[in-house]
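Text of coords27.cif, listed as mmCIF, N, CA and C atoms and all ligand atoms:
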```cif
data_data
loop_
_atom_site.label_atom_id
_atom_site.label_comp_id
_atom_site.auth_asym_id
_atom_site.auth_seq_id
_atom_site.Cartn_x
_atom_site.Cartn_y
_atom_site.Cartn_z
N MET A 1 157.59 62.94 -71.21
CA MET A 1 156.14 62.76 -71.25
C MET A 1 155.52 63.40 -70.00
N LEU A 2 154.53 64.20 -70.24
CA LEU A 2 153.85 64.84 -69.11
C LEU A 2 152.85 63.89 -68.49
N VAL A 3 152.82 63.90 -67.22
CA VAL A 3 151.83 63.10 -66.50
C VAL A 3 150.91 64.07 -65.76
N ALA A 4 149.64 63.95 -66.02
CA ALA A 4 148.68 64.84 -65.36
C ALA A 4 148.71 64.59 -63.85
N PRO A 5 148.73 65.66 -63.10
CA PRO A 5 148.70 65.48 -61.64
C PRO A 5 147.37 64.87 -61.22
N ALA A 6 147.41 64.16 -60.12
CA ALA A 6 146.17 63.59 -59.60
C ALA A 6 145.17 64.70 -59.36
N ALA A 7 143.97 64.46 -59.74
CA ALA A 7 142.92 65.46 -59.56
C ALA A 7 142.78 65.79 -58.08
N GLN A 8 142.65 67.06 -57.81
CA GLN A 8 142.46 67.49 -56.43
C GLN A 8 141.17 68.30 -56.36
N ALA A 9 140.56 68.27 -55.24
CA ALA A 9 139.38 69.09 -55.03
C ALA A 9 139.30 69.41 -53.56
N VAL A 10 139.15 70.67 -53.28
CA VAL A 10 138.94 71.05 -51.89
C VAL A 10 137.63 71.81 -51.82
N CYS A 11 136.72 71.24 -51.10
CA CYS A 11 135.44 71.87 -50.87
C CYS A 11 135.65 73.20 -50.13
N ASP A 12 134.75 74.15 -50.32
CA ASP A 12 134.83 75.38 -49.54
C ASP A 12 134.82 75.04 -48.05
N ALA A 13 135.56 75.80 -47.28
CA ALA A 13 135.63 75.56 -45.84
C ALA A 13 134.23 75.55 -45.24
N GLY A 14 133.98 74.55 -44.41
CA GLY A 14 132.68 74.43 -43.75
C GLY A 14 131.66 73.63 -44.55
N HIS A 15 132.09 73.08 -45.69
CA HIS A 15 131.16 72.36 -46.56
C HIS A 15 131.59 70.92 -46.80
N MET A 16 130.67 70.12 -47.28
CA MET A 16 130.97 68.82 -47.87
C MET A 16 130.48 68.90 -49.31
N CYS A 17 131.17 68.24 -50.23
CA CYS A 17 130.81 68.35 -51.64
C CYS A 17 130.63 66.98 -52.27
N ILE A 18 129.69 66.91 -53.23
CA ILE A 18 129.58 65.73 -54.08
C ILE A 18 129.58 66.22 -55.52
N TYR A 19 129.99 65.34 -56.45
CA TYR A 19 130.11 65.69 -57.86
C TYR A 19 129.46 64.58 -58.68
N VAL A 20 128.83 64.98 -59.78
CA VAL A 20 128.10 64.01 -60.59
C VAL A 20 129.05 63.03 -61.29
N ASN A 21 130.26 63.50 -61.63
CA ASN A 21 131.20 62.66 -62.36
C ASN A 21 132.46 62.36 -61.53
N ASN A 22 133.28 61.44 -62.03
CA ASN A 22 134.55 61.12 -61.38
C ASN A 22 135.48 62.33 -61.40
N ASP A 23 136.49 62.28 -60.54
CA ASP A 23 137.55 63.30 -60.52
C ASP A 23 137.00 64.71 -60.27
N TYR A 24 135.95 64.81 -59.48
CA TYR A 24 135.43 66.10 -59.03
C TYR A 24 134.96 66.97 -60.18
N SER A 25 134.39 66.35 -61.21
CA SER A 25 133.86 67.13 -62.33
C SER A 25 132.35 66.92 -62.43
N GLY A 26 131.76 67.71 -63.29
CA GLY A 26 130.31 67.68 -63.40
C GLY A 26 129.69 68.59 -62.37
N THR A 27 128.41 68.58 -62.30
CA THR A 27 127.70 69.43 -61.36
C THR A 27 128.20 69.19 -59.94
N MET A 28 128.62 70.25 -59.30
CA MET A 28 129.12 70.14 -57.94
C MET A 28 128.12 70.75 -56.97
N ARG A 29 127.95 70.12 -55.87
CA ARG A 29 127.10 70.67 -54.83
C ARG A 29 127.85 70.66 -53.51
N GLY A 30 128.01 71.79 -52.90
CA GLY A 30 128.62 71.88 -51.58
C GLY A 30 127.57 72.27 -50.58
N PHE A 31 127.56 71.61 -49.48
CA PHE A 31 126.52 71.86 -48.49
C PHE A 31 127.14 72.15 -47.13
N SER A 32 126.62 73.13 -46.46
CA SER A 32 127.10 73.43 -45.11
C SER A 32 126.11 72.96 -44.06
N ASN A 33 124.97 72.44 -44.49
CA ASN A 33 123.97 71.94 -43.54
C ASN A 33 124.59 70.83 -42.72
N SER A 34 124.17 70.71 -41.49
CA SER A 34 124.70 69.64 -40.67
C SER A 34 124.09 68.30 -41.08
N LYS A 35 122.90 68.35 -41.68
CA LYS A 35 122.23 67.12 -42.08
C LYS A 35 121.41 67.44 -43.32
N LEU A 36 121.49 66.61 -44.36
CA LEU A 36 120.78 66.93 -45.58
C LEU A 36 120.47 65.67 -46.38
N SER A 37 119.44 65.79 -47.19
CA SER A 37 119.02 64.68 -48.04
C SER A 37 118.91 65.20 -49.46
N TRP A 38 119.38 64.43 -50.44
CA TRP A 38 119.43 64.92 -51.80
C TRP A 38 118.22 64.57 -52.64
N GLY A 39 117.18 64.05 -52.00
CA GLY A 39 116.00 63.68 -52.76
C GLY A 39 115.42 64.84 -53.55
N GLY A 40 115.49 66.05 -53.02
CA GLY A 40 114.88 67.20 -53.68
C GLY A 40 115.84 68.04 -54.47
N PHE A 41 117.10 67.63 -54.59
CA PHE A 41 118.10 68.43 -55.29
C PHE A 41 118.42 67.90 -56.68
N GLY A 42 117.76 66.83 -57.11
CA GLY A 42 118.06 66.25 -58.41
C GLY A 42 119.40 65.55 -58.45
N LEU A 43 119.97 65.28 -57.28
CA LEU A 43 121.28 64.63 -57.24
C LEU A 43 121.22 63.26 -56.56
N ASP A 44 120.01 62.81 -56.31
CA ASP A 44 119.85 61.51 -55.67
C ASP A 44 120.45 60.41 -56.53
N ASP A 45 121.30 59.59 -55.96
CA ASP A 45 121.91 58.47 -56.68
C ASP A 45 122.70 58.92 -57.91
N LYS A 46 123.42 60.04 -57.82
CA LYS A 46 124.21 60.51 -58.97
C LYS A 46 125.68 60.79 -58.64
N ALA A 47 126.02 60.89 -57.37
CA ALA A 47 127.39 61.28 -57.01
C ALA A 47 128.41 60.20 -57.40
N SER A 48 129.49 60.66 -58.05
CA SER A 48 130.56 59.74 -58.45
C SER A 48 131.90 60.07 -57.82
N SER A 49 132.01 61.26 -57.20
CA SER A 49 133.20 61.60 -56.42
C SER A 49 132.76 62.55 -55.32
N ALA A 50 133.61 62.70 -54.31
CA ALA A 50 133.22 63.50 -53.14
C ALA A 50 134.44 64.07 -52.45
N SER A 51 134.25 65.19 -51.76
CA SER A 51 135.31 65.75 -50.92
C SER A 51 134.64 66.41 -49.72
N ALA A 52 135.42 66.59 -48.65
CA ALA A 52 134.84 67.10 -47.42
C ALA A 52 135.77 68.11 -46.76
N ASN A 53 135.17 69.15 -46.19
CA ASN A 53 135.98 70.20 -45.57
C ASN A 53 135.23 70.90 -44.44
N GLY A 54 134.75 70.12 -43.50
CA GLY A 54 134.10 70.73 -42.35
C GLY A 54 135.10 71.53 -41.54
N THR A 55 134.65 72.62 -40.91
CA THR A 55 135.55 73.42 -40.09
C THR A 55 135.32 73.22 -38.60
N SER A 56 134.16 72.71 -38.22
CA SER A 56 133.93 72.39 -36.81
C SER A 56 133.63 70.91 -36.63
N CYS A 57 133.46 70.19 -37.75
CA CYS A 57 133.18 68.75 -37.72
C CYS A 57 134.26 68.02 -38.51
N SER A 58 134.88 67.02 -37.90
CA SER A 58 136.01 66.38 -38.56
C SER A 58 135.63 65.26 -39.52
N LYS A 59 134.35 64.86 -39.53
CA LYS A 59 133.93 63.80 -40.44
C LYS A 59 132.66 64.19 -41.20
N SER A 60 132.57 63.72 -42.46
CA SER A 60 131.37 63.89 -43.27
C SER A 60 130.90 62.51 -43.69
N TYR A 61 129.67 62.15 -43.34
CA TYR A 61 129.11 60.84 -43.66
C TYR A 61 128.18 60.94 -44.86
N TYR A 62 128.21 59.92 -45.73
CA TYR A 62 127.37 59.86 -46.92
C TYR A 62 126.65 58.52 -46.90
N TYR A 63 125.33 58.56 -47.12
CA TYR A 63 124.51 57.35 -46.96
C TYR A 63 123.76 56.97 -48.23
N ASP A 64 123.41 55.68 -48.30
CA ASP A 64 122.67 55.14 -49.44
C ASP A 64 121.22 55.62 -49.44
N ASN A 65 120.59 55.67 -48.28
CA ASN A 65 119.18 56.03 -48.20
C ASN A 65 119.00 57.51 -47.90
N ARG A 66 117.80 58.02 -48.18
CA ARG A 66 117.52 59.44 -47.98
C ARG A 66 117.37 59.81 -46.51
N ASP A 67 117.25 58.81 -45.64
CA ASP A 67 117.00 59.09 -44.22
C ASP A 67 118.23 58.74 -43.36
N TRP A 68 119.43 58.88 -43.93
CA TRP A 68 120.68 58.70 -43.20
C TRP A 68 120.81 57.29 -42.65
N THR A 69 120.40 56.31 -43.43
CA THR A 69 120.54 54.91 -43.06
C THR A 69 121.11 54.14 -44.24
N GLY A 70 121.38 52.86 -44.02
CA GLY A 70 121.88 52.01 -45.09
C GLY A 70 123.40 52.07 -45.18
N ASP A 71 123.93 51.58 -46.28
CA ASP A 71 125.38 51.61 -46.47
C ASP A 71 125.87 53.05 -46.41
N TYR A 72 127.11 53.22 -46.01
CA TYR A 72 127.65 54.57 -45.84
C TYR A 72 129.17 54.56 -45.95
N PHE A 73 129.72 55.75 -46.14
CA PHE A 73 131.16 55.93 -45.93
C PHE A 73 131.34 57.33 -45.35
N TYR A 74 132.48 57.55 -44.75
CA TYR A 74 132.77 58.90 -44.30
C TYR A 74 134.15 59.34 -44.75
N LEU A 75 134.29 60.64 -44.90
CA LEU A 75 135.57 61.25 -45.26
C LEU A 75 135.98 62.19 -44.13
N ASN A 76 137.28 62.38 -43.98
CA ASN A 76 137.77 63.36 -43.01
C ASN A 76 137.64 64.76 -43.57
N SER A 77 137.84 65.75 -42.72
CA SER A 77 137.84 67.14 -43.14
C SER A 77 139.23 67.55 -43.62
N TYR A 78 139.27 68.27 -44.76
CA TYR A 78 140.55 68.78 -45.24
C TYR A 78 141.17 69.73 -44.22
N THR A 79 140.37 70.64 -43.69
CA THR A 79 140.89 71.66 -42.76
C THR A 79 141.35 71.04 -41.44
N ILE A 80 140.57 70.11 -40.91
CA ILE A 80 140.86 69.59 -39.58
C ILE A 80 141.88 68.45 -39.61
N THR A 81 141.71 67.53 -40.57
CA THR A 81 142.54 66.33 -40.59
C THR A 81 143.61 66.37 -41.67
N GLY A 82 143.26 66.89 -42.85
CA GLY A 82 144.24 67.06 -43.92
C GLY A 82 144.62 65.81 -44.66
N ALA A 83 143.92 64.70 -44.42
CA ALA A 83 144.20 63.45 -45.12
C ALA A 83 142.90 62.67 -45.27
N ASN A 84 142.83 61.91 -46.37
CA ASN A 84 141.63 61.10 -46.62
C ASN A 84 140.35 61.94 -46.56
N TYR A 85 140.41 63.10 -47.22
CA TYR A 85 139.27 64.01 -47.22
C TYR A 85 138.55 64.03 -48.57
N GLN A 86 138.96 63.16 -49.50
CA GLN A 86 138.33 63.16 -50.81
C GLN A 86 138.44 61.79 -51.45
N ASP A 87 137.55 61.53 -52.40
CA ASP A 87 137.62 60.28 -53.16
C ASP A 87 137.20 60.58 -54.60
N PRO A 88 138.10 60.35 -55.57
CA PRO A 88 137.82 60.71 -56.96
C PRO A 88 136.96 59.71 -57.72
N ASN A 89 136.76 58.53 -57.16
CA ASN A 89 136.05 57.48 -57.88
C ASN A 89 135.35 56.56 -56.88
N LEU A 90 134.07 56.82 -56.69
CA LEU A 90 133.34 56.08 -55.66
C LEU A 90 133.04 54.64 -56.04
N SER A 91 133.30 54.27 -57.30
CA SER A 91 132.92 52.93 -57.76
C SER A 91 133.82 51.84 -57.20
N ASN A 92 135.02 52.20 -56.75
CA ASN A 92 135.96 51.17 -56.28
C ASN A 92 136.16 51.22 -54.77
N GLY A 93 135.15 51.67 -54.07
CA GLY A 93 135.26 51.81 -52.63
C GLY A 93 135.50 53.26 -52.28
N ALA A 94 135.00 53.66 -51.11
CA ALA A 94 135.09 55.07 -50.75
C ALA A 94 135.28 55.24 -49.25
N GLY A 95 136.25 56.03 -48.87
CA GLY A 95 136.43 56.43 -47.49
C GLY A 95 136.45 55.27 -46.51
N TYR A 96 135.77 55.46 -45.39
CA TYR A 96 135.68 54.46 -44.34
C TYR A 96 134.22 54.10 -44.14
N GLY A 97 133.95 52.86 -43.72
CA GLY A 97 132.57 52.45 -43.48
C GLY A 97 132.22 51.26 -44.34
N THR A 98 130.93 50.96 -44.44
CA THR A 98 130.51 49.76 -45.17
C THR A 98 130.79 49.87 -46.66
N TRP A 99 130.94 51.09 -47.17
CA TRP A 99 131.25 51.28 -48.59
C TRP A 99 132.75 51.36 -48.86
N ALA A 100 133.57 51.16 -47.83
CA ALA A 100 135.01 51.34 -47.99
C ALA A 100 135.58 50.47 -49.11
N THR A 101 135.02 49.28 -49.27
CA THR A 101 135.55 48.39 -50.30
C THR A 101 134.45 47.95 -51.27
N ASN A 102 133.34 48.69 -51.30
CA ASN A 102 132.24 48.33 -52.19
C ASN A 102 131.89 49.50 -53.11
N ASN A 103 131.13 49.22 -54.14
CA ASN A 103 130.75 50.23 -55.12
C ASN A 103 129.75 51.22 -54.53
N ALA A 104 130.17 52.48 -54.41
CA ALA A 104 129.27 53.52 -53.89
C ALA A 104 128.90 54.51 -54.99
N ASN A 105 129.20 54.17 -56.25
CA ASN A 105 128.92 55.10 -57.35
C ASN A 105 127.42 55.23 -57.60
N ASP A 106 126.96 56.46 -57.76
CA ASP A 106 125.55 56.74 -58.07
C ASP A 106 124.61 56.12 -57.04
N LYS A 107 124.98 56.22 -55.78
CA LYS A 107 124.14 55.65 -54.72
C LYS A 107 123.85 56.62 -53.58
N ILE A 108 124.67 57.65 -53.41
CA ILE A 108 124.51 58.53 -52.25
C ILE A 108 123.17 59.26 -52.30
N SER A 109 122.46 59.23 -51.17
CA SER A 109 121.15 59.90 -51.11
C SER A 109 121.02 60.88 -49.94
N SER A 110 121.92 60.80 -48.97
CA SER A 110 121.87 61.75 -47.85
C SER A 110 123.26 61.85 -47.23
N ALA A 111 123.43 62.83 -46.37
CA ALA A 111 124.74 63.04 -45.74
C ALA A 111 124.58 63.85 -44.47
N ASN A 112 125.59 63.76 -43.61
CA ASN A 112 125.61 64.63 -42.44
C ASN A 112 127.04 64.76 -41.91
N PHE A 113 127.27 65.86 -41.21
CA PHE A 113 128.54 66.04 -40.51
C PHE A 113 128.51 65.29 -39.19
N ALA A 114 129.67 64.86 -38.71
CA ALA A 114 129.77 64.18 -37.42
C ALA A 114 131.11 64.49 -36.79
N SER A 115 131.26 64.07 -35.54
CA SER A 115 132.47 64.37 -34.76
C SER A 115 132.71 65.88 -34.72
N CYS A 116 131.69 66.59 -34.29
CA CYS A 116 131.73 68.05 -34.26
C CYS A 116 132.19 68.56 -32.91
N SER A 117 132.90 69.67 -32.93
CA SER A 117 133.37 70.24 -31.68
C SER A 117 132.39 71.28 -31.18
CA CA B 1 127.42 59.84 -61.41
CA CA B 2 120.70 55.81 -52.71
#
```

Would you give me this structure, written as structure tokens?
Amino acid sequence: MLVAPAAQAVCDAGHMCIYVNNDYSGTMRGFSNSKLSWGGFGLDDKASSASANGTSCSKSYYYDNRDWTGDYFYLNSYTITGANYQDPNLSNGAGYGTWATNNANDKISSANFASCS
């Protein structure tokens, strides 16, 4: 019996990515901005999975509110850290932070890079 490999997703180097559906599917948006809000991108409160790949910043933070406040989680960079850089299902907890063990599905509204060199 074939077992499908765990879904993988690596954001383009220097970007953080969110996806409308679980397992890195659906509309994908990768952003290289150091700070961004999704209110104007039609993706507010829609992200269901995420991955991060900053090249000068080792962490990517994702927030509930559009102004980088409220509940949050962060992921490490694939390039810099190589572990815990993605989450295929935000509904059962995501990354590190106040959302680590809480439902973060369809809630992300802003994001920023942190721990930059
Ligand atoms: Ca969604
Ligand atoms: Ca939100």

TODO: Give as a list in words the residues surrounding ligand CA 2 (chain B) up to a distance of 8 Å, considering only N, CA and C atoms and all ligand atoms.
DONE: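 With only N, CA and C atoms and all ligand atoms and a cut-off of 8 Å, ligand CA 2 (chain B) is contacted by Asp44, Asp45, Lys46, Tyr63, Asp64, Asn65, Arg66, Asp106, Lys107, Ile108, Ser109 and Ser110 of chain A.
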
TODO: Using only C-alpha atoms and all ligand atoms, find the one residue out of A:Tyr74, A:Tyr24, A:Trp99, A:Trp38 that sits nearest to ligand CA 1 (chain B).
DONE: A:Tyr24

Task: Test item: residues at most 8 Å from Asn22 of chain A, only N, CA and C atoms, excluding those fewer than 5 positions along its chain, as number ranges by chain - done: A: 47-50, 87-90

- [ ] Rounded to one decimal place, report the atom C of Thr55 of chain A-atom N of Asn92 of chain A distance in Å.
- [x]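 Between these atoms lies a distance of 27.8 Å.
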
Open item on the list: Just to confirm, what's the straight-line distance from atom N of Asn53 of chain A to atom CA of Thr79 of chain A in Å (one decimal)?
Closed with: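 Going from atom N of Asn53 of chain A over to atom CA of Thr79 of chain A covers 7.1 Å.
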
TODO: Quote the spacing between atom CA of Asp67 of chain A and atom C of Thr81 of chain A in Å to one decimal place.
DONE: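 Between these atoms lies a distance of 27.7 Å.
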
Task: A:Trp68, A:Tyr19, A:Phe41, A:Phe73 ranked by distance to ligand CA 1 (chain B), top pick (using all atoms listed in the file) - done: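 Looking at the shortest contact to ligand CA 1 (chain B), the residue is A:Tyr19.
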
Task: Among the residues A:Gly93, A:Asn105, A:Tyr61, A:Gly82, the one that comes closest to ligand CA 1 (chain B) [using only N, CA and C atoms and all ligand atoms] - done: A:Asn105

Around segment 9-18 of chain A, with edges along x, y and z and 4 Å added on all six sides, what centre and edge lengths do you get, in Å to one decimal, as lines of an AutoDock Vina configuration file?
```
center_x = 135.1
center_y = 70.8
center_z = -49.6
size_x = 19.0
size_y = 18.1
size_z = 19.8
```

Open item on the list: Taking the DSSP secondary structure from the backbone, can you list the residues of segment 7-91 of chain A that are strand (DSSP E), as a ChimeraX atom specification?
Closed with: /A:15-19,28-31,35-37,49-53,57-63,72-76,86-87

Next, the residues of the selection above should be written as a short mmCIF file (atom, residue, chain, number, x, y, z; two decimals), in the frame of the given file with N, CA and C atoms.
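File part.cif, as written:
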```cif
data_model
loop_
_atom_site.label_atom_id
_atom_site.label_comp_id
_atom_site.auth_asym_id
_atom_site.auth_seq_id
_atom_site.Cartn_x
_atom_site.Cartn_y
_atom_site.Cartn_z
N HIS A 15 132.09 73.08 -45.69
CA HIS A 15 131.16 72.36 -46.56
C HIS A 15 131.59 70.92 -46.80
N MET A 16 130.67 70.12 -47.28
CA MET A 16 130.97 68.82 -47.87
C MET A 16 130.48 68.90 -49.31
N CYS A 17 131.17 68.24 -50.23
CA CYS A 17 130.81 68.35 -51.64
C CYS A 17 130.63 66.98 -52.27
N ILE A 18 129.69 66.91 -53.23
CA ILE A 18 129.58 65.73 -54.08
C ILE A 18 129.58 66.22 -55.52
N TYR A 19 129.99 65.34 -56.45
CA TYR A 19 130.11 65.69 -57.86
C TYR A 19 129.46 64.58 -58.68
N MET A 28 128.62 70.25 -59.30
CA MET A 28 129.12 70.14 -57.94
C MET A 28 128.12 70.75 -56.97
N ARG A 29 127.95 70.12 -55.87
CA ARG A 29 127.10 70.67 -54.83
C ARG A 29 127.85 70.66 -53.51
N GLY A 30 128.01 71.79 -52.90
CA GLY A 30 128.62 71.88 -51.58
C GLY A 30 127.57 72.27 -50.58
N PHE A 31 127.56 71.61 -49.48
CA PHE A 31 126.52 71.86 -48.49
C PHE A 31 127.14 72.15 -47.13
N LYS A 35 122.90 68.35 -41.68
CA LYS A 35 122.23 67.12 -42.08
C LYS A 35 121.41 67.44 -43.32
N LEU A 36 121.49 66.61 -44.36
CA LEU A 36 120.78 66.93 -45.58
C LEU A 36 120.47 65.67 -46.38
N SER A 37 119.44 65.79 -47.19
CA SER A 37 119.02 64.68 -48.04
C SER A 37 118.91 65.20 -49.46
N SER A 49 132.01 61.26 -57.20
CA SER A 49 133.20 61.60 -56.42
C SER A 49 132.76 62.55 -55.32
N ALA A 50 133.61 62.70 -54.31
CA ALA A 50 133.22 63.50 -53.14
C ALA A 50 134.44 64.07 -52.45
N SER A 51 134.25 65.19 -51.76
CA SER A 51 135.31 65.75 -50.92
C SER A 51 134.64 66.41 -49.72
N ALA A 52 135.42 66.59 -48.65
CA ALA A 52 134.84 67.10 -47.42
C ALA A 52 135.77 68.11 -46.76
N ASN A 53 135.17 69.15 -46.19
CA ASN A 53 135.98 70.20 -45.57
C ASN A 53 135.23 70.90 -44.44
N CYS A 57 133.46 70.19 -37.75
CA CYS A 57 133.18 68.75 -37.72
C CYS A 57 134.26 68.02 -38.51
N SER A 58 134.88 67.02 -37.90
CA SER A 58 136.01 66.38 -38.56
C SER A 58 135.63 65.26 -39.52
N LYS A 59 134.35 64.86 -39.53
CA LYS A 59 133.93 63.80 -40.44
C LYS A 59 132.66 64.19 -41.20
N SER A 60 132.57 63.72 -42.46
CA SER A 60 131.37 63.89 -43.27
C SER A 60 130.90 62.51 -43.69
N TYR A 61 129.67 62.15 -43.34
CA TYR A 61 129.11 60.84 -43.66
C TYR A 61 128.18 60.94 -44.86
N TYR A 62 128.21 59.92 -45.73
CA TYR A 62 127.37 59.86 -46.92
C TYR A 62 126.65 58.52 -46.90
N TYR A 63 125.33 58.56 -47.12
CA TYR A 63 124.51 57.35 -46.96
C TYR A 63 123.76 56.97 -48.23
N TYR A 72 127.11 53.22 -46.01
CA TYR A 72 127.65 54.57 -45.84
C TYR A 72 129.17 54.56 -45.95
N PHE A 73 129.72 55.75 -46.14
CA PHE A 73 131.16 55.93 -45.93
C PHE A 73 131.34 57.33 -45.35
N TYR A 74 132.48 57.55 -44.75
CA TYR A 74 132.77 58.90 -44.30
C TYR A 74 134.15 59.34 -44.75
N LEU A 75 134.29 60.64 -44.90
CA LEU A 75 135.57 61.25 -45.26
C LEU A 75 135.98 62.19 -44.13
N ASN A 76 137.28 62.38 -43.98
CA ASN A 76 137.77 63.36 -43.01
C ASN A 76 137.64 64.76 -43.57
N GLN A 86 138.96 63.16 -49.50
CA GLN A 86 138.33 63.16 -50.81
C GLN A 86 138.44 61.79 -51.45
N ASP A 87 137.55 61.53 -52.40
CA ASP A 87 137.62 60.28 -53.16
C ASP A 87 137.20 60.58 -54.60
#
```

TODO: Output as a list of chain:residue names all residues of chain A that backbone DSSP marks as helix (DSSP H, G or I).
DONE: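 Residues of chain A classed as helix (DSSP H, G or I): A:Asn22, A:Asp23, A:Tyr24, A:Trp38, A:Gly39, A:Gly40, A:Leu90, A:Ser91, A:Asn92.
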
Open item on the list: For Cys116 of chain A, find every residue with an atom within 8 Å (counting all atoms listed in the file), except residues of its own chain fewer than 4 positions away, and show them as a ChimeraX atom specification.
Closed with: /A:55-59

TODO: Can you work out which one of A:Val20, A:Ala52, A:Ile80, A:Leu36 has the shortest atom-to-atom distance to ligand CA 1 (chain B), counting all atoms listed in the file?
DONE: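 Looking only at the distances to ligand CA 1 (chain B), the closest residue turns out to be A:Val20.
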
- [ ] Would you please work out which residue, of A:Ala83, A:Leu75, A:Ala13, A:Ser115, is nearest to Ser51 of chain A when using only C-alpha atoms?
- [x]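 Looking at the shortest contact to Ser51 of chain A, the residue is A:Leu75.
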
- [ ] Give the answer as one residue: which of A:Ser60, A:Asn103, A:Asn84, A:Asn112 has the shortest atom-to-atom distance to Ser34 of chain A, using all atoms listed in the file?
- [x]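 Among the listed residues, the smallest separation from Ser34 of chain A belongs to A:Asn112.
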
Save segment 86-108 of chain A from what I just supplied, as an mmCIF file, in the first residue's frame, atoms limited to C-alpha atoms.
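File result09.cif, as written:
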```cif
data_model
loop_
_atom_site.group_PDB
_atom_site.id
_atom_site.type_symbol
_atom_site.label_atom_id
_atom_site.label_comp_id
_atom_site.auth_asym_id
_atom_site.auth_seq_id
_atom_site.Cartn_x
_atom_site.Cartn_y
_atom_site.Cartn_z
ATOM 1 C CA GLN A 86 5.982 25.193 8.035
ATOM 2 C CA ASP A 87 2.575 24.137 9.316
ATOM 3 C CA PRO A 88 0.120 22.208 7.095
ATOM 4 C CA ASN A 89 -2.945 22.694 9.286
ATOM 5 C CA LEU A 90 -3.353 25.833 11.343
ATOM 6 C CA SER A 91 -6.555 24.604 13.003
ATOM 7 C CA ASN A 92 -4.755 22.399 15.537
ATOM 8 C CA GLY A 93 -2.164 24.878 16.705
ATOM 9 C CA ALA A 94 0.633 26.525 14.780
ATOM 10 C CA GLY A 95 4.309 27.192 15.317
ATOM 11 C CA TYR A 96 5.302 28.996 18.499
ATOM 12 C CA GLY A 97 3.410 31.707 20.381
ATOM 13 C CA THR A 98 -0.106 32.170 21.704
ATOM 14 C CA TRP A 99 -1.509 30.166 18.772
ATOM 15 C CA ALA A 100 0.865 27.238 19.356
ATOM 16 C CA THR A 101 -1.914 25.129 20.838
ATOM 17 C CA ASN A 102 -4.991 27.041 19.656
ATOM 18 C CA ASN A 103 -6.995 27.244 16.438
ATOM 19 C CA ALA A 104 -5.329 29.704 14.055
ATOM 20 C CA ASN A 105 -7.284 28.623 10.954
ATOM 21 C CA ASP A 106 -8.757 31.461 8.877
ATOM 22 C CA LYS A 107 -7.551 34.092 11.330
ATOM 23 C CA ILE A 108 -4.227 35.491 10.076
#
```
